[in-house]
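Undergrad: Sending over coords-v5.tsv (TSV, C-alpha atoms).
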chain	number	residue	atom	x	y	z
A	1	MET	CA	13.24	225.41	100.30
A	2	THR	CA	16.84	224.29	100.39
A	3	ASN	CA	16.75	223.75	104.16
A	4	TYR	CA	13.63	221.53	104.09
A	5	PRO	CA	15.39	218.26	103.18
A	6	ARG	CA	17.98	218.90	105.87
A	7	THR	CA	15.24	219.40	108.45
A	8	VAL	CA	13.54	216.18	107.42
A	9	ASP	CA	16.86	214.36	107.48
A	10	LYS	CA	17.60	215.55	111.01
A	11	LYS	CA	14.16	214.50	112.21
A	12	SER	CA	14.47	211.07	110.62
A	13	LYS	CA	17.94	210.57	112.10
A	14	ARG	CA	16.70	211.54	115.55
A	15	ARG	CA	13.73	209.19	115.15
A	16	LEU	CA	15.97	206.31	114.09
A	17	LEU	CA	18.34	207.01	116.96
A	18	PHE	CA	15.46	207.01	119.44
A	19	ASP	CA	13.78	203.88	118.07
A	20	GLY	CA	17.06	201.99	117.79
A	21	SER	CA	18.22	202.76	121.32
A	22	VAL	CA	14.85	201.78	122.80
A	23	GLN	CA	14.56	198.50	120.88
A	24	ARG	CA	18.15	197.46	121.65
A	25	GLU	CA	17.57	197.88	125.36
A	26	LEU	CA	14.19	196.17	125.16
A	27	SER	CA	15.76	193.18	123.39
A	28	SER	CA	18.52	192.74	125.96
A	29	VAL	CA	16.10	193.01	128.88
A	30	ALA	CA	13.61	190.64	127.22
A	31	PHE	CA	16.27	187.97	126.69
A	32	ALA	CA	17.26	188.06	130.37
A	33	VAL	CA	13.64	188.09	131.60
A	34	PHE	CA	12.60	185.19	129.36
A	35	ALA	CA	15.62	183.13	130.43
A	36	VAL	CA	14.67	183.59	134.08
A	37	LEU	CA	10.98	182.81	133.52
A	38	ILE	CA	11.56	179.71	131.39
A	39	GLY	CA	14.10	178.51	133.93
A	40	ILE	CA	11.56	178.85	136.74
A	41	VAL	CA	8.91	176.97	134.75
A	42	VAL	CA	11.28	174.17	133.73
A	43	VAL	CA	12.58	173.67	137.27
A	44	THR	CA	9.04	173.73	138.74
A	45	GLN	CA	7.60	171.30	136.21
A	46	LEU	CA	10.65	169.04	136.38
A	47	SER	CA	10.36	168.84	140.16
A	48	ARG	CA	6.68	167.93	139.88
A	49	LEU	CA	7.27	165.26	137.23
A	50	LEU	CA	10.23	163.78	139.07
A	51	GLY	CA	8.09	163.59	142.21
A	52	GLU	CA	5.42	161.67	140.28
A	53	ALA	CA	8.08	159.37	138.84
A	54	ALA	CA	9.57	158.74	142.28
A	55	SER	CA	6.15	157.89	143.72
A	56	GLY	CA	5.50	155.47	140.86
A	57	THR	CA	2.54	157.32	139.30
A	58	LEU	CA	4.58	158.20	136.21
A	59	ALA	CA	7.09	156.17	134.25
A	60	ALA	CA	10.58	157.68	134.38
A	61	LYS	CA	10.86	157.50	130.59
A	62	GLY	CA	8.01	159.99	130.20
A	63	VAL	CA	9.49	162.81	132.29
A	64	ILE	CA	11.45	164.56	129.52
A	65	VAL	CA	8.68	164.23	126.94
A	66	LEU	CA	6.01	165.61	129.28
A	67	LEU	CA	8.40	168.39	130.31
A	68	GLY	CA	8.68	169.49	126.67
A	69	PHE	CA	4.90	169.48	126.18
A	70	SER	CA	4.45	171.43	129.42
A	71	ALA	CA	6.97	174.07	128.30
A	72	LEU	CA	5.09	174.54	125.01
A	73	ASN	CA	1.87	174.96	126.95
A	74	TYR	CA	3.31	177.73	129.13
A	75	LEU	CA	5.12	179.60	126.31
A	76	PRO	CA	2.28	182.03	125.39
A	77	VAL	CA	1.92	183.18	129.01
A	78	LEU	CA	5.70	183.42	129.43
A	79	LEU	CA	6.11	185.49	126.26
A	80	SER	CA	3.29	187.82	127.28
A	81	LEU	CA	4.79	188.29	130.74
A	82	THR	CA	8.26	188.76	129.21
A	83	LEU	CA	6.98	191.51	126.93
A	84	PHE	CA	5.21	193.31	129.77
A	85	ILE	CA	8.14	193.14	132.20
A	86	SER	CA	10.68	194.12	129.54
A	87	VAL	CA	8.85	197.32	128.58
A	88	LEU	CA	8.18	198.13	132.22
A	89	LEU	CA	11.79	197.63	133.36
A	90	THR	CA	13.27	199.50	130.41
A	91	LEU	CA	11.12	202.60	130.83
A	92	THR	CA	11.38	202.48	134.62
A	93	ARG	CA	15.17	202.50	134.33
A	94	SER	CA	14.93	205.51	132.00
A	95	TYR	CA	12.94	207.38	134.64
A	96	GLN	CA	15.31	206.25	137.39
A	97	ASP	CA	18.41	207.44	135.51
A	98	SER	CA	16.73	210.70	134.38
A	99	GLU	CA	17.04	209.67	130.72
A	100	MET	CA	13.32	210.12	130.29
A	101	THR	CA	13.66	213.75	131.33
A	102	VAL	CA	16.25	214.29	128.61
A	103	TRP	CA	13.94	212.80	126.00
A	104	PHE	CA	11.04	214.97	127.17
A	105	VAL	CA	13.19	218.11	127.03
A	106	SER	CA	14.23	217.13	123.49
A	107	GLY	CA	10.59	217.23	122.45
A	108	VAL	CA	9.81	213.51	122.69
A	109	SER	CA	6.31	212.99	124.07
A	110	LEU	CA	5.18	209.98	126.08
A	111	VAL	CA	3.03	208.96	123.13
A	112	ARG	CA	6.20	208.79	121.04
A	113	TRP	CA	7.17	205.65	122.97
A	114	VAL	CA	4.22	203.77	121.49
A	115	ARG	CA	5.93	203.35	118.11
A	116	PRO	CA	9.15	201.56	119.25
A	117	VAL	CA	7.21	199.52	121.80
A	118	LEU	CA	4.77	198.39	119.10
A	119	SER	CA	7.63	197.56	116.72
A	120	PHE	CA	9.26	195.48	119.44
A	121	SER	CA	5.95	193.85	120.44
A	122	ILE	CA	4.81	192.69	116.98
A	123	PRO	CA	7.12	189.59	116.83
A	124	PHE	CA	6.05	188.63	120.36
A	125	ILE	CA	2.36	189.04	119.59
A	126	ALA	CA	2.66	187.07	116.34
A	127	THR	CA	4.49	184.26	118.14
A	128	ILE	CA	1.90	184.21	120.93
A	129	ALA	CA	-0.90	184.02	118.35
A	130	ILE	CA	0.77	181.10	116.53
A	131	LEU	CA	1.34	179.27	119.80
A	132	SER	CA	-2.18	179.91	121.08
A	133	PHE	CA	-3.94	178.81	117.89
A	134	THR	CA	-1.75	175.88	116.84
A	135	LEU	CA	1.18	174.67	118.93
A	136	THR	CA	-0.32	174.90	122.42
A	137	PRO	CA	-3.46	172.84	121.56
A	138	TRP	CA	-1.24	170.35	119.76
A	139	ALA	CA	1.06	170.07	122.80
A	140	LEU	CA	-1.89	169.52	125.14
A	141	SER	CA	-3.35	166.90	122.80
A	142	GLN	CA	-0.05	165.04	122.46
A	143	SER	CA	0.55	165.25	126.20
A	144	GLY	CA	-2.84	163.64	126.88
A	145	LYS	CA	-2.19	160.87	124.34
A	146	PHE	CA	1.26	160.22	125.74
A	147	LYS	CA	-0.09	159.96	129.30
A	148	LYS	CA	-2.68	157.43	128.13
A	149	GLN	CA	0.04	155.42	126.41
A	150	LEU	CA	2.03	155.38	129.63
A	151	GLU	CA	-1.03	154.27	131.59
A	152	SER	CA	-1.78	151.49	129.11
A	153	ARG	CA	1.77	150.15	129.19
A	154	GLU	CA	2.75	147.22	131.38
A	155	GLU	CA	2.47	147.99	135.07
A	156	MET	CA	6.14	147.30	135.74
A	157	ALA	CA	7.15	150.33	133.63
A	158	SER	CA	5.81	152.79	136.22
A	159	ILE	CA	7.37	151.14	139.26
A	160	ALA	CA	10.31	152.95	140.79
A	161	PRO	CA	13.02	150.97	142.63
A	162	GLY	CA	12.73	151.02	146.40
A	163	VAL	CA	8.98	151.87	146.41
A	164	PHE	CA	6.04	149.57	147.06
A	165	ARG	CA	3.66	149.88	144.13
A	166	GLU	CA	0.18	148.46	143.65
A	167	SER	CA	-0.95	147.29	140.21
A	168	LYS	CA	-3.78	148.99	138.30
A	169	GLN	CA	-6.08	146.07	139.05
A	170	ALA	CA	-5.22	146.29	142.78
A	171	ASP	CA	-4.42	142.55	142.87
A	172	ARG	CA	-0.62	142.77	143.04
A	173	VAL	CA	2.00	144.64	145.03
A	174	TYR	CA	5.54	145.00	143.70
A	175	PHE	CA	8.84	145.96	145.25
A	176	PHE	CA	12.38	145.64	143.95
A	177	GLU	CA	15.79	147.23	144.33
A	178	PRO	CA	18.14	148.49	141.61
A	179	GLY	CA	20.35	145.88	139.98
A	180	GLN	CA	22.94	145.66	137.24
A	181	GLY	CA	22.10	146.10	133.57
A	182	ASN	CA	18.51	145.17	132.76
A	183	ARG	CA	18.13	143.12	135.94
A	184	VAL	CA	16.74	144.13	139.32
A	185	GLY	CA	17.42	142.61	142.72
A	186	ASN	CA	15.58	141.64	145.90
A	187	ILE	CA	12.17	141.33	144.26
A	188	PHE	CA	8.98	141.12	146.31
A	189	VAL	CA	5.63	140.33	144.67
A	190	GLN	CA	2.35	139.68	146.46
A	191	SER	CA	-0.75	138.68	144.50
A	192	THR	CA	-4.30	137.65	145.37
A	193	GLN	CA	-6.17	135.09	143.24
A	194	ASN	CA	-9.30	133.18	144.23
A	195	GLN	CA	-8.99	134.50	147.80
A	196	LYS	CA	-5.53	132.97	148.04
A	197	VAL	CA	-2.55	135.14	148.84
A	198	GLY	CA	0.69	134.33	147.07
A	199	THR	CA	3.92	135.98	148.09
A	200	MET	CA	7.15	135.58	146.14
A	201	VAL	CA	10.63	136.77	146.91
A	202	ALA	CA	13.56	136.39	144.55
A	203	SER	CA	17.17	137.43	144.54
A	204	SER	CA	16.99	138.88	141.01
A	205	GLY	CA	14.83	139.12	137.92
A	206	TYR	CA	14.18	140.81	134.59
A	207	GLN	CA	11.48	141.45	132.01
A	208	GLU	CA	11.13	139.26	128.95
A	209	MET	CA	8.98	139.65	125.85
A	210	LYS	CA	7.65	136.55	124.11
A	211	PRO	CA	7.35	136.25	120.30
A	212	ASN	CA	3.59	136.89	120.52
A	213	GLY	CA	4.19	140.27	122.26
A	214	ASP	CA	3.30	139.19	125.82
A	215	ARG	CA	5.55	140.46	128.60
A	216	PHE	CA	6.63	138.39	131.58
A	217	LEU	CA	8.42	139.15	134.80
A	218	VAL	CA	11.05	136.43	135.23
A	219	LEU	CA	12.04	135.74	138.84
A	220	LEU	CA	15.29	133.86	139.54
A	221	ASP	CA	16.29	131.89	142.66
A	222	GLY	CA	13.28	132.63	144.81
A	223	THR	CA	10.57	131.26	147.08
A	224	ARG	CA	6.77	131.33	146.79
A	225	TYR	CA	4.45	131.28	149.80
A	226	GLU	CA	0.80	130.47	149.05
A	227	GLY	CA	-2.23	129.99	151.28
A	228	ASP	CA	-5.75	131.10	152.21
A	229	GLU	CA	-6.31	134.49	153.80
A	230	GLY	CA	-6.28	134.20	157.60
A	231	ALA	CA	-5.07	130.60	157.56
A	232	LEU	CA	-1.84	129.39	159.11
A	233	ASP	CA	-1.03	126.57	156.69
A	234	TYR	CA	0.98	127.97	153.81
A	235	ARG	CA	2.65	126.07	151.02
A	236	ILE	CA	6.29	126.92	150.47
A	237	MET	CA	7.85	126.34	147.06
A	238	HIS	CA	11.40	127.06	145.98
A	239	PHE	CA	12.10	127.79	142.33
A	240	GLY	CA	15.03	128.57	140.13
A	241	ARG	CA	12.95	130.36	137.49
A	242	TYR	CA	9.38	131.66	137.70
A	243	GLU	CA	7.56	133.54	134.94
A	244	MET	CA	4.71	135.91	135.79
A	245	ARG	CA	2.66	137.45	132.97
A	246	ILE	CA	2.37	141.24	133.15
A	247	GLU	CA	-1.09	142.44	132.17
A	248	ALA	CA	-1.40	145.66	130.19
A	249	SER	CA	-3.66	148.25	131.78
A	250	ARG	CA	-6.82	149.26	129.97
A	251	VAL	CA	-7.51	152.96	129.80
A	252	LYS	CA	-11.09	154.10	129.41
A	253	PRO	CA	-11.59	156.24	126.29
A	254	SER	CA	-12.50	159.85	126.97
A	255	LEU	CA	-13.33	162.89	124.89
A	256	PRO	CA	-10.53	165.48	124.58
A	257	GLU	CA	-10.92	168.77	126.40
A	258	ALA	CA	-11.62	171.97	124.48
A	259	LYS	CA	-8.10	173.21	125.27
A	260	ALA	CA	-6.60	170.30	123.34
A	261	LEU	CA	-8.83	170.65	120.25
A	262	PRO	CA	-7.56	172.29	117.05
A	263	THR	CA	-8.85	175.77	116.31
A	264	ALA	CA	-10.63	174.52	113.17
A	265	VAL	CA	-12.70	172.13	115.30
A	266	LEU	CA	-13.62	174.90	117.73
A	267	LEU	CA	-14.85	177.07	114.86
A	268	GLN	CA	-17.18	174.31	113.67
A	269	GLY	CA	-18.83	173.67	117.04
A	270	GLY	CA	-21.19	175.95	118.93
A	271	LYS	CA	-20.70	174.59	122.44
A	272	PRO	CA	-20.08	177.15	125.22
A	273	ALA	CA	-16.76	175.45	126.04
A	274	TYR	CA	-15.64	175.86	122.42
A	275	VAL	CA	-16.65	179.53	122.36
A	276	ALA	CA	-14.85	180.19	125.64
A	277	GLU	CA	-11.70	178.48	124.40
A	278	LEU	CA	-11.74	180.48	121.17
A	279	GLY	CA	-12.08	183.65	123.21
A	280	TRP	CA	-9.12	182.61	125.34
A	281	ARG	CA	-6.93	181.97	122.29
A	282	VAL	CA	-7.86	185.29	120.71
A	283	GLY	CA	-7.38	187.04	124.03
A	284	MET	CA	-3.80	185.84	124.54
A	285	PRO	CA	-2.16	188.03	121.84
A	286	LEU	CA	-4.66	190.84	122.52
A	287	SER	CA	-3.80	190.89	126.22
A	288	ALA	CA	-0.08	190.88	125.38
A	289	LEU	CA	-0.60	194.00	123.22
A	290	LEU	CA	-2.61	195.80	125.89
A	291	LEU	CA	-0.09	194.95	128.62
A	292	ALA	CA	2.85	196.16	126.52
A	293	LEU	CA	1.12	199.51	125.93
A	294	LEU	CA	-0.01	199.69	129.56
A	295	ALA	CA	3.61	199.42	130.70
A	296	ILE	CA	4.38	202.81	129.07
A	297	PRO	CA	2.32	205.04	131.41
A	298	LEU	CA	2.65	202.56	134.26
A	299	SER	CA	6.45	202.80	134.26
A	300	PHE	CA	6.54	206.36	135.64
A	301	VAL	CA	8.67	206.62	138.74
A	302	ASN	CA	10.16	209.49	140.68
A	303	PRO	CA	13.98	209.38	140.18
A	304	ARG	CA	14.47	210.26	143.86
A	305	ALA	CA	12.24	207.41	145.01
A	306	GLY	CA	12.55	203.68	144.68
A	307	ARG	CA	10.86	201.73	141.92
A	308	SER	CA	9.79	198.72	143.96
A	309	LEU	CA	6.25	200.03	144.50
A	310	ASN	CA	5.90	200.70	140.80
A	311	ILE	CA	6.91	197.15	139.84
A	312	LEU	CA	4.70	195.61	142.53
A	313	MET	CA	1.74	197.61	141.25
A	314	ALA	CA	2.40	196.44	137.70
A	315	ILE	CA	2.64	192.78	138.77
A	316	LEU	CA	-0.60	193.16	140.76
A	317	ILE	CA	-2.39	194.55	137.68
A	318	TYR	CA	-1.07	191.69	135.57
A	319	MET	CA	-2.25	189.08	138.07
A	320	ILE	CA	-5.71	190.64	138.34
A	321	TYR	CA	-6.00	190.90	134.55
A	322	ASN	CA	-4.91	187.31	133.99
A	323	ASN	CA	-7.15	185.92	136.75
A	324	LEU	CA	-10.15	187.84	135.44
A	325	LEU	CA	-9.59	186.34	132.00
A	326	GLY	CA	-9.53	182.87	133.51
A	327	MET	CA	-12.64	183.49	135.60
A	328	THR	CA	-14.68	184.89	132.71
A	329	ASN	CA	-13.56	181.96	130.57
A	330	VAL	CA	-15.06	179.57	133.14
A	331	TRP	CA	-18.23	181.67	133.43
A	332	VAL	CA	-18.76	181.58	129.66
A	333	THR	CA	-18.26	177.80	129.68
A	334	ARG	CA	-20.90	177.43	132.40
A	335	GLN	CA	-23.16	180.00	130.68
A	336	LYS	CA	-23.25	182.26	133.74
A	337	VAL	CA	-22.48	185.46	131.80
A	338	ASP	CA	-23.18	186.78	128.33
A	339	VAL	CA	-20.66	185.68	125.71
A	340	PHE	CA	-19.72	189.22	124.64
A	341	ILE	CA	-19.27	190.47	128.21
A	342	GLY	CA	-17.41	187.34	129.25
A	343	LEU	CA	-14.99	187.31	126.32
A	344	TRP	CA	-14.43	191.01	125.68
A	345	GLY	CA	-15.51	192.80	128.86
A	346	VAL	CA	-12.15	192.40	130.62
A	347	HIS	CA	-10.19	193.53	127.54
A	348	ILE	CA	-12.43	196.59	127.12
A	349	GLY	CA	-11.95	197.45	130.78
A	350	MET	CA	-8.17	197.14	130.43
A	351	LEU	CA	-8.26	199.36	127.32
A	352	ALA	CA	-10.19	201.99	129.30
A	353	ILE	CA	-7.56	201.86	132.08
A	354	LEU	CA	-4.82	202.17	129.46
A	355	LEU	CA	-6.36	205.29	127.89
A	356	ALA	CA	-7.04	206.82	131.31
A	357	LEU	CA	-3.41	206.34	132.40
A	358	PHE	CA	-2.11	207.85	129.17
A	359	TYR	CA	-4.43	210.84	129.57
A	360	TRP	CA	-3.35	211.31	133.18
A	361	ARG	CA	0.38	211.15	132.42
A	362	LEU	CA	0.06	213.49	129.45
A	363	SER	CA	-1.90	215.95	131.58
A	364	VAL	CA	0.78	215.89	134.28
A	365	PHE	CA	3.59	216.47	131.78
A	366	SER	CA	1.63	219.27	130.07
A	367	LEU	CA	1.11	220.99	133.42
A	368	PHE	CA	4.79	220.58	134.24
A	369	ARG	CA	5.83	222.22	130.95
A	370	ARG	CA	3.50	225.18	131.44
A	371	LYS	CA	4.98	225.81	134.91
A	372	ARG	CA	8.45	225.85	133.44
Would you encode the structure as C-alpha cells?
TA:
Amino acid sequence: MTNYPRTVDKKSKRRLLFDGSVQRELSSVAFAVFAVLIGIVVVTQLSRLLGEAASGTLAAKGVIVLLGFSALNYLPVLLSLTLFISVLLTLTRSYQDSEMTVWFVSGVSLVRWVRPVLSFSIPFIATIAILSFTLTPWALSQSGKFKKQLESREEMASIAPGVFRESKQADRVYFFEPGQGNRVGNIFVQSTQNQKVGTMVASSGYQEMKPNGDRFLVLLDGTRYEGDEGALDYRIMHFGRYEMRIEASRVKPSLPEAKALPTAVLLQGGKPAYVAELGWRVGMPLSALLLALLAIPLSFVNPRAGRSLNILMAILIYMIYNNLLGMTNVWVTRQKVDVFIGLWGVHIGMLAILLALFYWRLSVFSLFRRKR
C-alpha cells in the first residue's frame, strides 16, 4: 500500500513529461508553419490587388483594406492546414530520429499520442469555429460593401497614372502622369457628347470639391479640340482653367451571397444555399479535428528512408479532402445530392480512413512486439 502513491506519482510525472515535450515541439513547429503560410497568402493576394490597382480596376486606397479582409477569409483554412502539417512534421521527425522507437519501448502506445495532439488542437479548433461562424462571414460582407463603395466613388479615384482608363459610362477616356502634391501633369481627356468628340489636353490639373458635394476635374493651361465624328473641321479652344464635373458611378443593388450572411440568418432560412453554407461552416472545425488525428498514423516513416513520400501523401490526402468538401457543398446548393450525404458523407469517409489507419498501425506494432 505504501508504494501505490509512488507508482501513481511516477506515472503522472512520465505522462506530464511526455505531454509537455510533445506540445512544446508542436507549438514551435506550428508557429513556423503558420508564418510561412500567412506570408504566402499575403504576398499572393497583395500581388493580385496591386495588379488590379495598376490596371485601374481598383482604387489604390482600397488595397490594404481588401488585403485585411482577404486574410481574415483565408484564416480558417490556414489554421486547419497549420494544425495538420504541425502534427505531421513533429511525429515524422520523431520517427526519423528514432525517438518514436524509444517511446514505444517505454510502453507508450500510438494511441497515447491522441491526448497531447487533442490538447494542442483544441485552441486551433475553437479559433477556426469562431472564424467560420462569425469573423469570416463578416469579412466577406464588409469586403463586398467596400468594393461597392469604391465602384460608386468618382471615376477619377480608380485611375492609375500612366494608364489609359475608360469611365464607367464608356463616354470618357482619361490619361495623366504623376505630378507634385495633389496635382497631376500632362492630362488627356476625350469625351463624346451628342455624337461630338471633344479632346482636351492640359499641362496640369487637380480635383476640387464644391460646397454642394460635387467633384470637378480642374484642367489648367490646356487646349480643347471639338468636332463631329469623321469630320475634318474641328474647333480649337485654348483655356487657362476648365472645370469638368465628375459623375459618380451607380452600382446596381444585389443580394449578398450565402457566404457573407451571418450564421443567424442562415439558421432562419431553408434555402439549399443556406444549408450548404451552414454545413461548410460546421465542417471547417470538424475537418481540422479529423486531419489532426489523421496525421498521427499517417506520420509513420522508416528511419532509414526519406520522409518526402510520406509528406507528399499527406498533402495529397488533404487536397482531396478539401476539394471533396467544396464539391459536395456545390452539389448540395444545386440539389444534386441528398443533404445528409452531401454535408456529412465526406467527413464520415475520412473518419473511416482514420480508424482504418489507426487499426493498421496498431496491428503492425503489435506484430513487431510479439516477434521481439
Undergrad: Measure the distance from CA of Leu316 (chain A) to CA of Gly68 (chain A) in Å and round it to one decimal.
TA: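 CA of Gly68 (chain A) lies at a distance of 29.1 Å from CA of Leu316 (chain A).
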Undergrad: Go ahead and compute the interatomic distance for CA of Gly326 (chain A) and CA of Tyr274 (chain A), in Å to one decimal.
TA: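 Spanning CA of Gly326 (chain A) to CA of Tyr274 (chain A) is a straight-line distance of 14.5 Å.
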Undergrad: By how many Å are CA of Phe120 (chain A) and CA of Val87 (chain A) apart?
TA: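 Atom-to-atom, CA of Phe120 (chain A) and CA of Val87 (chain A) are spaced 9.3 Å apart.
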Undergrad: In terms of the shortest atom-to-atom distance over all atoms listed in the file, which of A:Leu362, A:Gly342, A:Gly198, A:Leu135 is closest to Arg235 (chain A)?
TA: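 Smallest distance to Arg235 (chain A) is found for A:Gly198.
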Undergrad: So which one's closest to Leu261 (chain A), A:Ser141, A:Thr92, A:Gln335, A:Gln23? Using all atoms listed in the file, please.
TA: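 Answer, going by the shortest atom-to-atom distance: A:Ser141.
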Undergrad: Using all atoms listed in the file, which of A:Leu91, A:Phe300, A:Val339, A:Leu66 sits nearest Leu50 (chain A)?
TA: A:Leu66
Undergrad: Kindly provide, as JSON, the centre and edge lengths (Å, one decimal) of an axis-aligned box around all atoms of region 135-152 of chain A given in the file, with 8 Å on each side.
TA:
{"center_x": -0.7, "center_y": 163.2, "center_z": 125.3, "size_x": 21.5, "size_y": 39.4, "size_z": 28.7}
Undergrad: Please provide as a list in words all residues within 12 Å of Lys210 (chain A), with the sequence filter that same-chain residues fewer than 5 positions apart are discarded (counting only C-alpha atoms).
TA: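 What passes the distance filter is Arg215, Phe216, Leu217, Val218, Glu243, Arg245 and Ile246 of chain A.
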Undergrad: Of the candidates A:Leu58, A:Val173, A:Val77, A:Leu293, which shows the shortest atom-to-atom distance to Thr192 (chain A), using all atoms listed in the file?
TA: A:Val173
Undergrad: Please identify all polymer residues within 10 Å of Gln190 (chain A), counting all atoms listed in the file, omitting same-chain residues fewer than 3 positions from it, and present them as an MDAnalysis selection string.
TA: chainID A and resid 166 171:175 197:201 224:226
Undergrad: Between A:Arg183, A:Arg48, A:Leu67, A:Asp233, single out the one closest to Leu219 (chain A), counting all atoms listed in the file.
TA: A:Arg183
Undergrad: For Arg112 (chain A), which residue out of A:Phe358, A:Pro137, A:Asn186, A:Lys61 is the nearest one, using only C-alpha atoms?
TA: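 Among the listed residues, A:Phe358 lies closest to Arg112 (chain A).
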Undergrad: Env of Gly345 (chain A): 12 Å cut, atoms = all atoms listed in the file, seq-sep filter 2 positions within chain, self excluded. Answer as a PyMOL selection string.
TA: chain A and resi 279+283+321+324-325+327-329+332+337-343+347-352
